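Have a look at final_10.cif; it's mmCIF, C-alpha atoms:
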data_data
#
loop_
_atom_site.label_atom_id
_atom_site.label_comp_id
_atom_site.auth_asym_id
_atom_site.auth_seq_id
_atom_site.Cartn_x
_atom_site.Cartn_y
_atom_site.Cartn_z
CA MET A 1 56.29 -58.76 -95.63
CA SER A 2 59.46 -58.12 -97.64
CA ASN A 3 60.95 -61.43 -96.50
CA GLY A 4 57.80 -63.30 -97.53
CA TRP A 5 57.89 -61.56 -100.92
CA ALA A 6 61.53 -62.56 -101.36
CA VAL A 7 60.76 -66.21 -100.54
CA ALA A 8 57.83 -66.24 -102.96
CA ARG A 9 59.98 -64.74 -105.70
CA LYS A 10 62.76 -67.25 -105.07
CA LEU A 11 60.35 -70.19 -105.23
CA THR A 12 58.61 -68.90 -108.35
CA GLY A 13 62.02 -68.78 -109.97
CA ALA A 14 62.65 -72.43 -109.12
CA ARG A 15 61.42 -74.23 -112.22
CA SER A 16 62.70 -77.71 -111.43
CA ILE A 17 63.57 -79.99 -108.54
CA ASP A 18 67.24 -79.52 -109.43
CA GLU A 19 66.84 -75.76 -108.93
CA LEU A 20 65.26 -76.38 -105.51
CA ARG A 21 68.23 -78.62 -104.78
CA ARG A 22 70.62 -75.76 -105.55
CA LEU A 23 68.66 -73.40 -103.28
CA ALA A 24 68.84 -75.96 -100.47
CA GLN A 25 72.55 -76.46 -101.04
CA ARG A 26 73.21 -72.74 -100.70
CA ARG A 27 71.24 -72.47 -97.47
CA LEU A 28 72.38 -75.61 -95.68
CA PRO A 29 75.73 -76.43 -94.10
CA ARG A 30 77.58 -79.00 -96.13
CA ALA A 31 77.16 -81.72 -93.49
CA ILE A 32 73.37 -81.38 -93.46
CA PHE A 33 73.02 -81.06 -97.23
CA ASP A 34 75.23 -84.08 -97.83
CA PHE A 35 73.21 -86.15 -95.36
CA PHE A 36 70.08 -85.51 -97.43
CA ASP A 37 71.77 -85.62 -100.82
CA GLY A 38 74.34 -88.37 -100.49
CA GLY A 39 74.46 -92.12 -100.96
CA ALA A 40 76.49 -95.13 -99.93
CA GLN A 41 80.16 -95.66 -100.75
CA ASP A 42 80.87 -94.69 -104.39
CA GLU A 43 77.26 -93.54 -104.91
CA ILE A 44 76.90 -95.66 -108.05
CA VAL A 45 73.26 -96.48 -107.29
CA LEU A 46 72.54 -92.85 -106.47
CA ARG A 47 73.50 -91.96 -110.05
CA ASP A 48 71.94 -95.07 -111.59
CA ASN A 49 68.52 -94.25 -110.13
CA ARG A 50 68.45 -91.02 -112.11
CA ASP A 51 70.04 -92.51 -115.22
CA ALA A 52 67.42 -95.28 -115.34
CA PHE A 53 64.65 -92.71 -115.73
CA ARG A 54 66.67 -90.76 -118.29
CA ARG A 55 67.04 -93.83 -120.50
CA VAL A 56 63.30 -94.47 -120.81
CA ARG A 57 61.77 -92.88 -123.90
CA LEU A 58 58.13 -91.92 -124.40
CA MET A 59 55.93 -92.56 -127.44
CA PRO A 60 53.43 -89.68 -127.76
CA ARG A 61 50.08 -90.14 -129.48
CA THR A 62 48.68 -87.21 -131.43
CA LEU A 63 45.22 -85.85 -132.27
CA VAL A 64 43.83 -86.62 -128.83
CA ASP A 65 41.69 -84.12 -126.92
CA VAL A 66 43.86 -83.20 -123.93
CA SER A 67 42.26 -79.83 -123.22
CA SER A 68 41.38 -81.29 -119.82
CA VAL A 69 43.35 -84.09 -118.18
CA ASP A 70 42.87 -85.92 -114.89
CA PRO A 71 46.07 -86.85 -113.01
CA SER A 72 44.26 -88.46 -110.06
CA VAL A 73 44.51 -92.17 -109.31
CA GLU A 74 43.76 -94.71 -106.63
CA LEU A 75 46.61 -95.42 -104.22
CA LEU A 76 45.99 -98.19 -101.71
CA ALA A 77 42.26 -98.23 -102.38
CA ALA A 78 41.79 -94.49 -101.83
CA SER A 79 41.91 -91.47 -104.08
CA ALA A 80 45.08 -89.42 -104.55
CA SER A 81 45.42 -86.29 -106.65
CA LEU A 82 48.56 -87.71 -108.27
CA PRO A 83 50.15 -91.17 -108.57
CA MET A 84 52.55 -90.09 -105.86
CA ALA A 85 53.12 -90.18 -102.10
CA VAL A 86 55.82 -88.66 -99.94
CA ALA A 87 58.42 -91.22 -98.90
CA PRO A 88 59.67 -91.52 -95.32
CA THR A 89 62.58 -89.11 -94.92
CA GLY A 90 64.30 -88.82 -91.58
CA ALA A 91 65.74 -85.77 -89.83
CA ALA A 92 63.91 -83.20 -91.98
CA GLY A 93 63.96 -80.85 -88.98
CA TYR A 94 67.69 -80.42 -89.51
CA GLY A 95 66.91 -78.87 -92.89
CA TRP A 96 64.17 -76.52 -91.63
CA PRO A 97 62.58 -76.08 -88.18
CA ASN A 98 59.65 -78.51 -87.92
CA GLY A 99 60.53 -79.71 -91.40
CA ASP A 100 58.67 -83.02 -91.10
CA ILE A 101 55.43 -81.24 -90.23
CA ALA A 102 55.99 -78.76 -93.05
CA ILE A 103 56.31 -81.58 -95.60
CA ALA A 104 53.31 -83.40 -94.14
CA LYS A 105 51.16 -80.27 -94.39
CA ALA A 106 52.26 -79.70 -97.99
CA ALA A 107 51.43 -83.30 -98.92
CA VAL A 108 48.01 -83.26 -97.25
CA ALA A 109 47.17 -79.93 -98.89
CA ALA A 110 48.16 -81.40 -102.26
CA GLY A 111 45.94 -84.45 -101.78
CA ILE A 112 48.67 -87.08 -101.63
CA PRO A 113 49.69 -89.44 -98.79
CA TYR A 114 52.53 -88.57 -96.44
CA THR A 115 54.77 -91.19 -94.81
CA LEU A 116 56.25 -90.36 -91.42
CA SER A 117 59.68 -91.86 -90.83
CA THR A 118 60.67 -93.58 -87.59
CA SER A 119 63.64 -91.19 -87.58
CA ALA A 120 61.57 -88.04 -88.09
CA THR A 121 62.05 -84.98 -85.90
CA ALA A 122 58.33 -84.88 -85.13
CA SER A 123 56.31 -87.39 -83.16
CA ILE A 124 53.60 -89.67 -84.50
CA GLU A 125 50.95 -87.79 -82.56
CA GLU A 126 52.14 -84.30 -83.47
CA VAL A 127 52.01 -85.00 -87.20
CA ALA A 128 48.54 -86.55 -86.89
CA ARG A 129 47.33 -83.50 -84.97
CA ARG A 130 48.89 -80.82 -87.15
CA ALA A 131 48.58 -82.43 -90.59
CA PRO A 132 45.43 -84.58 -90.58
CA GLY A 133 45.00 -86.45 -93.84
CA ARG A 134 46.25 -89.62 -95.48
CA LEU A 135 49.11 -90.60 -93.18
CA TRP A 136 51.31 -93.68 -93.36
CA PHE A 137 53.83 -94.61 -90.66
CA GLN A 138 57.15 -96.13 -91.67
CA ALA A 139 58.70 -98.45 -89.09
CA TYR A 140 62.31 -99.48 -89.05
CA ILE A 141 62.81 -102.80 -87.29
CA LEU A 142 64.32 -101.85 -83.96
CA ARG A 143 66.43 -104.14 -81.81
CA ASP A 144 64.18 -103.10 -78.95
CA GLY A 145 61.06 -105.08 -79.82
CA GLU A 146 59.00 -103.50 -77.07
CA ALA A 147 59.82 -100.02 -78.37
CA LEU A 148 58.89 -101.06 -81.91
CA ALA A 149 55.56 -102.48 -80.74
CA GLY A 150 54.93 -99.24 -78.88
CA LEU A 151 55.53 -97.13 -82.01
CA ILE A 152 53.21 -99.30 -84.08
CA GLU A 153 50.49 -99.10 -81.45
CA ARG A 154 50.86 -95.32 -81.30
CA ALA A 155 50.43 -95.16 -85.08
CA ARG A 156 47.27 -97.25 -84.82
CA ALA A 157 45.90 -95.08 -82.02
CA ALA A 158 46.66 -91.93 -84.03
CA ASP A 159 44.67 -93.39 -86.95
CA TYR A 160 47.47 -93.78 -89.50
CA GLU A 161 45.92 -95.63 -92.41
CA ALA A 162 48.96 -97.74 -93.28
CA LEU A 163 52.09 -99.20 -91.74
CA MET A 164 55.18 -99.26 -93.94
CA ILE A 165 57.88 -101.75 -92.95
CA THR A 166 61.33 -101.02 -94.37
CA VAL A 167 63.17 -104.30 -94.92
CA ASP A 168 66.40 -103.21 -96.64
CA LEU A 169 68.13 -101.80 -93.55
CA PRO A 170 69.29 -104.68 -91.34
CA VAL A 171 72.40 -102.58 -90.73
CA GLY A 172 73.29 -99.01 -91.67
CA GLY A 173 74.93 -98.31 -95.00
CA LYS A 174 78.41 -96.83 -95.30
CA ARG A 175 77.76 -93.18 -96.16
CA GLU A 176 81.19 -91.67 -96.50
CA ARG A 177 80.06 -88.07 -96.89
CA ASP A 178 78.80 -88.23 -93.28
CA PHE A 179 82.19 -89.40 -92.02
CA ARG A 180 84.04 -86.67 -93.88
CA ASN A 181 81.65 -84.05 -92.47
CA HIS A 182 81.79 -85.39 -88.88
CA LEU A 183 78.04 -85.96 -88.94
CA SER A 184 76.43 -88.48 -86.61
CA PHE A 185 73.20 -88.98 -84.70
CA PRO A 186 72.91 -88.21 -81.83
CA PHE A 187 74.57 -85.03 -82.99
CA HIS A 188 78.07 -84.08 -81.85
CA PHE A 189 79.77 -80.71 -82.43
CA THR A 190 83.31 -80.80 -83.79
CA PRO A 191 85.59 -78.00 -85.02
CA ARG A 192 84.88 -79.00 -88.60
CA ASN A 193 81.10 -78.91 -88.45
CA VAL A 194 81.01 -75.81 -86.20
CA LEU A 195 82.99 -73.93 -88.87
CA ASP A 196 80.62 -75.33 -91.49
CA PHE A 197 77.62 -74.03 -89.54
CA ALA A 198 79.18 -70.62 -89.00
CA CYS A 199 79.47 -70.21 -92.76
CA HIS A 200 75.69 -70.65 -93.10
CA PRO A 201 74.23 -68.02 -90.75
CA ARG A 202 70.60 -68.25 -91.90
CA TRP A 203 70.50 -71.94 -91.07
CA SER A 204 72.43 -71.47 -87.82
CA LEU A 205 70.20 -68.63 -86.58
CA ALA A 206 67.11 -70.74 -87.22
CA LEU A 207 68.71 -73.54 -85.21
CA LEU A 208 69.46 -71.17 -82.34
CA ARG A 209 65.89 -69.85 -82.32
CA HIS A 210 64.21 -73.25 -82.42
CA GLY A 211 66.78 -75.46 -80.71
CA MET A 212 68.51 -78.62 -81.85
CA PRO A 213 66.02 -81.02 -83.49
CA VAL A 214 65.32 -84.29 -81.73
CA VAL A 215 64.52 -87.62 -83.40
CA GLU A 216 61.33 -87.80 -81.38
CA ASN A 217 60.38 -91.43 -81.88
CA LEU A 218 63.86 -92.69 -80.96
CA LYS A 219 64.82 -90.23 -78.24
CA ASN A 220 64.54 -92.77 -75.41
CA LEU A 221 66.41 -95.53 -77.22
CA ARG A 222 70.04 -96.41 -76.81
CA PRO A 223 71.87 -97.61 -79.92
CA ALA A 224 73.59 -100.97 -79.79
CA PRO A 225 77.31 -100.85 -78.90
CA ALA A 226 79.43 -100.17 -81.97
CA ASP A 227 80.99 -103.36 -83.28
CA ALA A 228 83.31 -104.01 -86.19
CA GLY A 229 80.35 -104.01 -88.58
CA ASN A 230 78.56 -100.85 -87.57
CA LYS A 231 81.61 -98.71 -86.79
CA ALA A 232 82.01 -98.33 -90.54
CA ALA A 233 78.32 -97.71 -91.12
CA SER A 234 76.09 -94.70 -90.75
CA SER A 235 75.18 -94.04 -87.12
CA VAL A 236 71.49 -94.12 -88.03
CA GLY A 237 71.68 -97.91 -88.48
CA ARG A 238 72.73 -98.78 -84.95
CA TYR A 239 69.19 -99.07 -83.60
CA TYR A 240 68.09 -101.72 -86.10
CA ASP A 241 67.70 -105.46 -85.82
CA PRO A 242 69.59 -107.60 -88.36
CA SER A 243 67.77 -110.76 -87.21
CA PHE A 244 64.35 -109.68 -88.56
CA ASP A 245 63.05 -112.35 -90.95
CA TRP A 246 59.99 -113.65 -92.78
CA SER A 247 58.38 -115.19 -89.71
CA ARG A 248 58.50 -111.92 -87.81
CA LEU A 249 57.11 -110.02 -90.77
CA GLN A 250 54.26 -112.51 -90.85
CA GLN A 251 53.59 -111.76 -87.18
CA LEU A 252 53.31 -108.07 -88.03
CA ARG A 253 50.98 -108.87 -90.93
CA ASP A 254 48.80 -110.94 -88.61
CA THR A 255 48.57 -108.29 -85.89
CA TRP A 256 48.45 -104.97 -87.80
CA PRO A 257 44.76 -104.41 -88.65
CA ARG A 258 45.17 -101.93 -91.52
CA LYS A 259 47.12 -101.61 -94.76
CA LEU A 260 50.65 -103.06 -94.65
CA ILE A 261 53.24 -101.77 -97.10
CA VAL A 262 56.67 -103.40 -97.44
CA LYS A 263 59.42 -101.11 -98.70
CA GLY A 264 62.89 -102.03 -99.92
CA VAL A 265 62.21 -104.84 -102.39
CA LEU A 266 64.27 -105.46 -105.54
CA CYS A 267 64.01 -109.24 -105.98
CA SER A 268 60.97 -110.60 -107.82
CA ASP A 269 60.97 -113.79 -105.73
CA ASP A 270 60.71 -111.70 -102.55
CA ALA A 271 57.87 -109.71 -104.11
CA ARG A 272 55.98 -112.89 -105.01
CA ARG A 273 56.31 -114.15 -101.43
CA LEU A 274 55.19 -110.82 -99.97
CA SER A 275 52.14 -110.84 -102.21
CA ALA A 276 51.23 -114.36 -101.07
CA MET A 277 51.64 -113.23 -97.46
CA GLY A 278 48.89 -110.67 -97.93
CA CYS A 279 50.88 -107.44 -97.96
CA ASP A 280 48.80 -104.59 -99.32
CA ALA A 281 51.55 -102.90 -101.34
CA ILE A 282 55.20 -103.35 -102.23
CA VAL A 283 57.68 -100.52 -102.75
CA VAL A 284 60.45 -101.33 -105.19
CA SER A 285 63.34 -99.43 -103.63
CA ASN A 286 67.08 -99.45 -103.06
CA HIS A 287 66.71 -96.90 -100.26
CA GLY A 288 67.62 -94.06 -102.58
CA GLY A 289 71.13 -95.46 -103.01
CA ARG A 290 71.84 -94.84 -99.33
CA GLN A 291 72.49 -98.40 -98.12
CA LEU A 292 74.00 -101.04 -100.43
CA ASP A 293 75.85 -99.73 -103.46
CA CYS A 294 75.97 -101.59 -106.80
CA VAL A 295 72.42 -102.95 -106.67
CA PRO A 296 69.94 -102.41 -109.53
CA ALA A 297 68.33 -99.05 -110.03
CA SER A 298 64.82 -99.21 -108.60
CA LEU A 299 63.21 -98.47 -111.97
CA ASN A 300 65.19 -101.27 -113.61
CA ALA A 301 63.88 -103.75 -111.02
CA LEU A 302 60.29 -102.58 -111.33
CA SER A 303 59.05 -104.60 -114.31
CA ALA A 304 60.14 -107.96 -112.89
CA VAL A 305 58.41 -107.21 -109.59
CA VAL A 306 55.21 -106.12 -111.35
CA GLN A 307 55.27 -109.31 -113.39
CA ALA A 308 55.90 -111.45 -110.29
CA VAL A 309 52.86 -110.16 -108.37
CA ALA A 310 50.68 -110.39 -111.49
CA GLY A 311 48.24 -107.70 -110.43
CA ARG A 312 47.55 -109.22 -107.01
CA THR A 313 49.41 -106.51 -105.09
CA PRO A 314 49.90 -102.83 -105.92
CA VAL A 315 53.50 -101.86 -106.62
CA LEU A 316 55.08 -98.48 -105.94
CA VAL A 317 58.61 -97.39 -106.78
CA ASP A 318 61.03 -94.83 -105.39
CA GLY A 319 64.53 -93.59 -106.05
CA GLY A 320 65.57 -90.91 -108.50
CA VAL A 321 62.19 -89.28 -109.15
CA ARG A 322 62.98 -85.68 -110.12
CA ARG A 323 60.58 -84.95 -112.98
CA GLY A 324 56.87 -85.28 -113.57
CA SER A 325 57.76 -87.36 -116.62
CA ASP A 326 59.43 -89.83 -114.22
CA ILE A 327 56.04 -90.40 -112.56
CA PHE A 328 54.53 -91.02 -116.01
CA LYS A 329 57.31 -93.49 -116.90
CA ALA A 330 56.93 -95.41 -113.65
CA ARG A 331 53.18 -95.67 -114.21
CA ALA A 332 53.74 -96.86 -117.78
CA LEU A 333 56.07 -99.58 -116.48
CA GLY A 334 53.41 -100.93 -114.15
CA ALA A 335 53.78 -99.00 -110.90
CA GLN A 336 50.62 -97.71 -109.28
CA GLY A 337 52.63 -94.67 -108.25
CA VAL A 338 55.94 -93.33 -106.98
CA LEU A 339 57.31 -92.20 -103.65
CA ILE A 340 59.25 -88.94 -103.56
CA GLY A 341 61.84 -88.24 -100.89
CA ARG A 342 64.66 -85.91 -101.80
CA ALA A 343 62.40 -83.68 -103.90
CA THR A 344 60.39 -82.47 -100.91
CA LEU A 345 63.50 -82.48 -98.70
CA TYR A 346 65.17 -80.03 -101.09
CA GLY A 347 62.01 -77.94 -101.11
CA VAL A 348 61.61 -77.79 -97.35
CA ALA A 349 65.31 -77.05 -96.83
CA ALA A 350 65.07 -74.19 -99.29
CA ALA A 351 61.93 -72.52 -97.93
CA GLY A 352 59.98 -74.59 -95.40
CA GLN A 353 56.41 -75.62 -96.14
CA CYS A 354 56.24 -73.28 -99.13
CA GLY A 355 59.29 -74.98 -100.59
CA ALA A 356 57.87 -78.48 -100.04
CA ALA A 357 54.62 -77.38 -101.68
CA ARG A 358 56.60 -75.94 -104.57
CA ALA A 359 58.35 -79.28 -105.10
CA ILE A 360 54.99 -81.06 -105.32
CA ASP A 361 53.62 -78.35 -107.64
CA ILE A 362 56.60 -78.68 -109.98
CA LEU A 363 56.09 -82.44 -110.26
CA ARG A 364 52.34 -82.02 -110.71
CA GLU A 365 52.72 -79.46 -113.51
CA GLU A 366 55.33 -81.56 -115.29
CA PHE A 367 53.23 -84.73 -114.95
CA VAL A 368 50.12 -83.04 -116.35
CA ARG A 369 52.13 -81.54 -119.21
CA THR A 370 53.63 -84.96 -120.01
CA MET A 371 50.14 -86.47 -120.10
CA GLN A 372 49.01 -83.78 -122.53
CA LEU A 373 52.03 -84.08 -124.80
CA CYS A 374 51.70 -87.88 -124.83
CA GLY A 375 47.99 -87.75 -125.64
CA VAL A 376 46.78 -89.36 -122.40
CA PRO A 377 43.70 -87.64 -120.90
CA HIS A 378 43.54 -89.71 -117.67
CA ALA A 379 46.32 -91.10 -115.50
CA ASN A 380 44.55 -94.47 -115.46
CA GLN A 381 45.18 -94.71 -119.21
CA ILE A 382 48.97 -94.61 -118.86
CA GLY A 383 50.37 -97.96 -119.92
CA PRO A 384 53.17 -99.68 -121.85
CA SER A 385 51.96 -98.27 -125.17
CA ALA A 386 53.10 -94.82 -123.95
CA LEU A 387 56.73 -95.98 -124.06
CA PHE A 388 59.06 -96.29 -127.05
CA ALA A 389 60.18 -99.90 -127.05
#

Encoded form using structure tokens:
Amino acid sequence: MSNGWAVARKLTGARSIDELRRLAQRRLPRAIFDFFDGGAQDEIVLRDNRDAFRRVRLMPRTLVDVSSVDPSVELLAASASLPMAVAPTGAAGYGWPNGDIAIAKAAVAAGIPYTLSTSATASIEEVARRAPGRLWFQAYILRDGEALAGLIERARAADYEALMITVDLPVGGKRERDFRNHLSFPFHFTPRNVLDFACHPRWSLALLRHGMPVVENLKNLRPAPADAGNKAASSVGRYYDPSFDWSRLQQLRDTWPRKLIVKGVLCSDDARRLSAMGCDAIVVSNHGGRQLDCVPASLNALSAVVQAVAGRTPVLVDGGVRRGSDIFKARALGAQGVLIGRATLYGVAAAGQCGAARAIDILREEFVRTMQLCGVPHANQIGPSALFA
């Protein structure tokens, strides 16, 4: 009882996603925190994603009745309580036991879609059983085509409503924090990370009680032999197929019977081609700054993509969303909604499902408040006029 009270008090005191981030940082070993928090190489894009949102200014309208506002929208032809879905985030179980399921439950309870990552520490079937709701499955393109087809079929059989194909990871990015921390997957203990773990007893005791997490959907795969290219890249990229191209994406579009989302698009020409192919949604994304450094911030690429698809295909955006006002800004710039990744990772790492729910609640409260202060009673009314040109 006292422990539950302490957790509730800690979460109530977390007024922002940045405060949840600090709670997660205190609880987690450096190697695990940096895996969630870090980016590629000099982390320029990691910073630019946040700065892009900071540079956008709002233009509030006054004398509007905002005593009651409605933040709900349609995402992929179905209702969502917010213009927001949870992005695919791998290895959440290293932040909190059963972390993927905790985030999924928080998302479903909040009325927003949850995307299960290929590299999650929970299986496709377990998430569907324990967190029934609007579920999307994100597939990385594996070198093992038979294994990939098997994952996609399992997602169909488990009734996931959408398949999300990530196209910006032909090889793993160079994430230097992981190298410095001796972090790799499959996991290997070294003197450096053992000392790191020993300095974080709450996390380590939870690991001892529940066991080392397993990347369930990849546990029977063998990564490709390390070559000159992937020795310098994150170990998580060694399963993936750099030969995947437009023709093979078309094959997936032709065979997958439900909604198909393509994530990892920055180029407007690519977006136009994806729309013509019949993709059901496009996610403007630079993979949270975790793959190729020095590309555009996702928000900066959004308008050109929206213009290119000309209303034919819904557009979502991710990368750098830390405030409810960021959701409002993305919507004003033409996105149907945003994906959040690190926000719920920080929350779950700080306090499990309660922490993930708190992250969503913070963003919801801030989004509703922004709507009220900008004089917008319904999320569907958010448009370019809400921005200061």

Give as a PDB file with C-alpha atoms, in the frame of the given file the residues that the PyMOL selection byres ((chain A and resi 323) around 9) matches when applied to the coordinates above.
ATOM      1  CA  SER A  16      62.700 -77.710-111.430  1.00  0.00           C
ATOM      2  CA  ILE A  17      63.570 -79.990-108.540  1.00  0.00           C
ATOM      3  CA  GLY A 320      65.570 -90.910-108.500  1.00  0.00           C
ATOM      4  CA  VAL A 321      62.190 -89.280-109.150  1.00  0.00           C
ATOM      5  CA  ARG A 322      62.980 -85.680-110.120  1.00  0.00           C
ATOM      6  CA  GLY A 324      56.870 -85.280-113.570  1.00  0.00           C
ATOM      7  CA  SER A 325      57.760 -87.360-116.620  1.00  0.00           C
ATOM      8  CA  ASP A 326      59.430 -89.830-114.220  1.00  0.00           C
ATOM      9  CA  ILE A 327      56.040 -90.400-112.560  1.00  0.00           C
ATOM     10  CA  ILE A 362      56.600 -78.680-109.980  1.00  0.00           C
ATOM     11  CA  LEU A 363      56.090 -82.440-110.260  1.00  0.00           C
ATOM     12  CA  GLU A 366      55.330 -81.560-115.290  1.00  0.00           C
ATOM     13  CA  PHE A 367      53.230 -84.730-114.950  1.00  0.00           C
TER      14      PHE A 367
END

Quick one: residues within 12 Å of Ile340 (chain A), all atoms listed in the file counted, chain neighbours fewer than 2 positions away excluded, as a ChimeraX atom specification?
-> /A:17,82-89,103,107,112-115,283,285,287-288,316-324,326-327,337-338,342-347,356,359-360,363

Give as a count of residues only the set of residues within 12 Å of the point (63.0, -108.6, -101.1), where distances use the file's coordinates and all atoms listed in the file.
-> 30

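For the residues A:Ala330, A:Met277, A:Ala106, A:Leu218, ranking by smallest atom-to-atom distance to Ser247 (chain A) using only C-alpha atoms places A:Met277 first.
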
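Between Lys10 (chain A) and the candidates A:Leu151, A:Val368, A:Cys354, A:Val64, the tightest atom-to-atom separation, counting only C-alpha atoms, involves A:Cys354.
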
Enter the distance from CA of Asp293 (chain A) to CA of Gly95 (chain A), in Å, rounded to one decimal.
-> 25.0 Å

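Closest to Gln336 (chain A) among A:Ala155, A:Leu63, A:Ile44, A:Val73 is A:Val73, based on all atoms listed in the file.
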
For Ala139 (chain A): contacts at 9 Å, only C-alpha atoms, fewer than 6 positions along chain excluded, given as a tab-separated table (two decimals) with C-alpha atoms, in the coordinates of the input:
chain	number	residue	atom	x	y	z
A	116	LEU	CA	56.25	-90.36	-91.42
A	117	SER	CA	59.68	-91.86	-90.83
A	118	THR	CA	60.67	-93.58	-87.59
A	119	SER	CA	63.64	-91.19	-87.58
A	148	LEU	CA	58.89	-101.06	-81.91
A	151	LEU	CA	55.53	-97.13	-82.01
A	152	ILE	CA	53.21	-99.30	-84.08
A	163	LEU	CA	52.09	-99.20	-91.74
A	164	MET	CA	55.18	-99.26	-93.94
A	165	ILE	CA	57.88	-101.75	-92.95
A	166	THR	CA	61.33	-101.02	-94.37

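When CA of Gln372 (chain A) is paired with CA of Ala52 (chain A), their separation reads 22.9 Å.
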
What are the centre and edge lengths in Å, to one decimal, of the axis-aligned box around all listed atoms of region 294-306 of chain A with 5 Å added on each side, as JSON?
{"center_x": 65.6, "center_y": -103.2, "center_z": -110.5, "size_x": 30.8, "size_y": 19.5, "size_z": 17.6}

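Ranking A:Leu58, A:Ala297, A:Ala92, A:Ile261 by their shortest atom-to-atom distance to Phe137 (chain A), with only C-alpha atoms included, puts A:Ile261 first.
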
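Between CA of Arg15 (chain A) and CA of Leu339 (chain A) the interatomic distance comes to 20.3 Å.
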
Do you have, as a tab-separated table, the list of residues of region 33-127 of chain A lying at most 10 Å from region 181-205 of chain A, each with its nearest atom pair and that distance in Å to one decimal, counting all atoms listed in the file and ordered by chain then number?
residue	atom	partner	partner_atom	distance
A:Asp34	CA	A:Asn181	CA	8.4
A:Phe35	CA	A:Leu183	CA	8.0
A:Ala91	CA	A:Phe185	CA	9.6
A:Tyr94	CA	A:Trp203	CA	9.1
A:Gly95	CA	A:Trp203	CA	8.0
A:Trp96	CA	A:Trp203	CA	7.8
A:Pro97	CA	A:Trp203	CA	9.4

Hits of the PyMOL selection byres ((chain A and resi 55) around 12) in this structure, as a PyMOL selection string | chain A and resi 48-54+56-58+297+299-300+325-326+329+387-389

Excluding region 11-14 of chain A and residues on its chain fewer than 4 positions from it, collect all residues at most 8 Å away from it, counting all atoms listed in the file, and give them as a CSV table (one decimal) with C-alpha atoms, in the frame of the given file.
chain,number,residue,atom,x,y,z
A,7,VAL,CA,60.8,-66.2,-100.5
A,19,GLU,CA,66.8,-75.8,-108.9
A,20,LEU,CA,65.3,-76.4,-105.5
A,351,ALA,CA,61.9,-72.5,-97.9
A,354,CYS,CA,56.2,-73.3,-99.1
A,355,GLY,CA,59.3,-75.0,-100.6
A,358,ARG,CA,56.6,-75.9,-104.6

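The smallest atom-to-atom distance between Pro71 (chain A) and any of A:Ala386, A:Arg154, A:His378, A:Gly311, using all atoms listed in the file, is found for A:His378.
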
Picked residues, the PyMOL selection byres ((chain A and resi 122) around 10), as a PyMOL selection string | chain A and resi 90-93+98-101+116-121+123-127+213-217
